[in-house]
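Participant: Pasting a structure here, questions to come.
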Amino acid sequence: MLQMRRLTGPIRPTTVFAGLAVTASVLGAPAQADPSTDAFLNAVSGAGLGGTADPSNLVAVGQSVCPMLSEPGQNAADAAAKVADTTGMSLGGANMFTGLAISFLCPQVFDSVAGGKSPIPLGLLGF
């Protein structure tokens, strides 16, 4: 039979500290990261575009591309120009960043492309 032992002495400070540390680590654990933003940040970093910028700022700018593209008359070139203004990237880097943002963070753009509507002004390219 299991016997219960009664604590008669003081609880050690290290025991209390260990219990508090475990509780804090469980309660203070960060939320699960979004796989699409992780993949986006990896792609941006792999393309050499992130530099020393804060990843949360890069994600915020990337996520701002999607609403820009949904505005009437807006296209990827307009969004890239705004990205360049916001981040200080060159226009070439901003174009690449915008393309990555569309690929990883704007699934609705793929739906519109599948429906025959392109966010890229293909008429300017002779298509």
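Scheme for the structure tokens: letters A, B, ... for chains in order shown; per-chain residue numbers from 1; ligand numbers from 1 in order shown.
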Applying 12 Å and only C-alpha atoms, which residues near Gly50 in chain A remain after dropping the ones on its own chain fewer than 2 positions away? List them as a list in words.

Facilitator: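 With the cut-off at 12 Å, the set is Phe40, Leu41, Asn42, Ala43, Val44, Ser45, Gly46, Ala47, Gly48, Thr52, Ala53, Asp54, Pro55, Ser56, Asn57, Leu58, Val59, Val61, Gly62, Thr87, Gly88, Met89, Gly93, Ala94, Met96, Phe97 and Leu100 of chain A.
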
Participant: For a test of reading the model, state the distance in Å between CA of Ala60 in chain A and CA of Pro107 in chain A, rounded to one decimal.

Facilitator: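 Interatomic distance, CA of Ala60 in chain A to CA of Pro107 in chain A: 16.0 Å.
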
Participant: Hey, what's within 8 Å of Leu91 in chain A if we count only C-alpha atoms and toss same-chain stuff fewer than 4 positions away? As a ChimeraX atom specification, please?

Facilitator: /A:80-81,84,95

Participant: Counting only C-alpha atoms, what is within 8 Å of Ala101 in chain A, bar same-chain residues fewer than 3 positions away, as a ChimeraX atom specification?

Facilitator: /A:40,62-63,65-66,97-98,104-106

Participant: Can you write just those residues out, N, CA and C atoms, as a PDB file, in the first residue's frame?

Facilitator:
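Saved the output as out-v5.pdb:
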```pdb
ATOM      1  N   PHE A  40       8.284  32.176 -45.909  1.00  0.00           N
ATOM      2  CA  PHE A  40       8.509  33.479 -46.541  1.00  0.00           C
ATOM      3  C   PHE A  40       9.826  34.080 -46.060  1.00  0.00           C
ATOM      4  N   GLY A  62       5.468  42.260 -46.101  1.00  0.00           N
ATOM      5  CA  GLY A  62       5.034  41.205 -47.021  1.00  0.00           C
ATOM      6  C   GLY A  62       3.528  41.023 -46.988  1.00  0.00           C
ATOM      7  N   GLN A  63       2.954  41.051 -45.787  1.00  0.00           N
ATOM      8  CA  GLN A  63       1.507  40.891 -45.671  1.00  0.00           C
ATOM      9  C   GLN A  63       0.758  42.111 -46.189  1.00  0.00           C
ATOM     10  N   VAL A  65       1.372  43.523 -48.940  1.00  0.00           N
ATOM     11  CA  VAL A  65       1.299  43.380 -50.394  1.00  0.00           C
ATOM     12  C   VAL A  65      -0.069  42.837 -50.818  1.00  0.00           C
ATOM     13  N   CYS A  66      -0.594  41.889 -50.065  1.00  0.00           N
ATOM     14  CA  CYS A  66      -1.865  41.250 -50.438  1.00  0.00           C
ATOM     15  C   CYS A  66      -3.010  42.255 -50.545  1.00  0.00           C
ATOM     16  N   PHE A  97      11.080  40.757 -53.612  1.00  0.00           N
ATOM     17  CA  PHE A  97      10.387  40.657 -52.328  1.00  0.00           C
ATOM     18  C   PHE A  97       8.878  40.548 -52.544  1.00  0.00           C
ATOM     19  N   THR A  98       8.340  41.369 -53.439  1.00  0.00           N
ATOM     20  CA  THR A  98       6.902  41.356 -53.733  1.00  0.00           C
ATOM     21  C   THR A  98       6.486  40.016 -54.321  1.00  0.00           C
ATOM     22  N   PHE A 104       4.096  33.344 -51.107  1.00  0.00           N
ATOM     23  CA  PHE A 104       3.976  32.716 -49.796  1.00  0.00           C
ATOM     24  C   PHE A 104       2.823  33.243 -48.949  1.00  0.00           C
ATOM     25  N   LEU A 105       2.429  34.497 -49.145  1.00  0.00           N
ATOM     26  CA  LEU A 105       1.480  35.113 -48.223  1.00  0.00           C
ATOM     27  C   LEU A 105       0.140  35.499 -48.833  1.00  0.00           C
ATOM     28  N   CYS A 106      -0.001  35.383 -50.150  1.00  0.00           N
ATOM     29  CA  CYS A 106      -1.231  35.831 -50.814  1.00  0.00           C
ATOM     30  C   CYS A 106      -1.871  34.709 -51.626  1.00  0.00           C
TER      31      CYS A 106
END
```
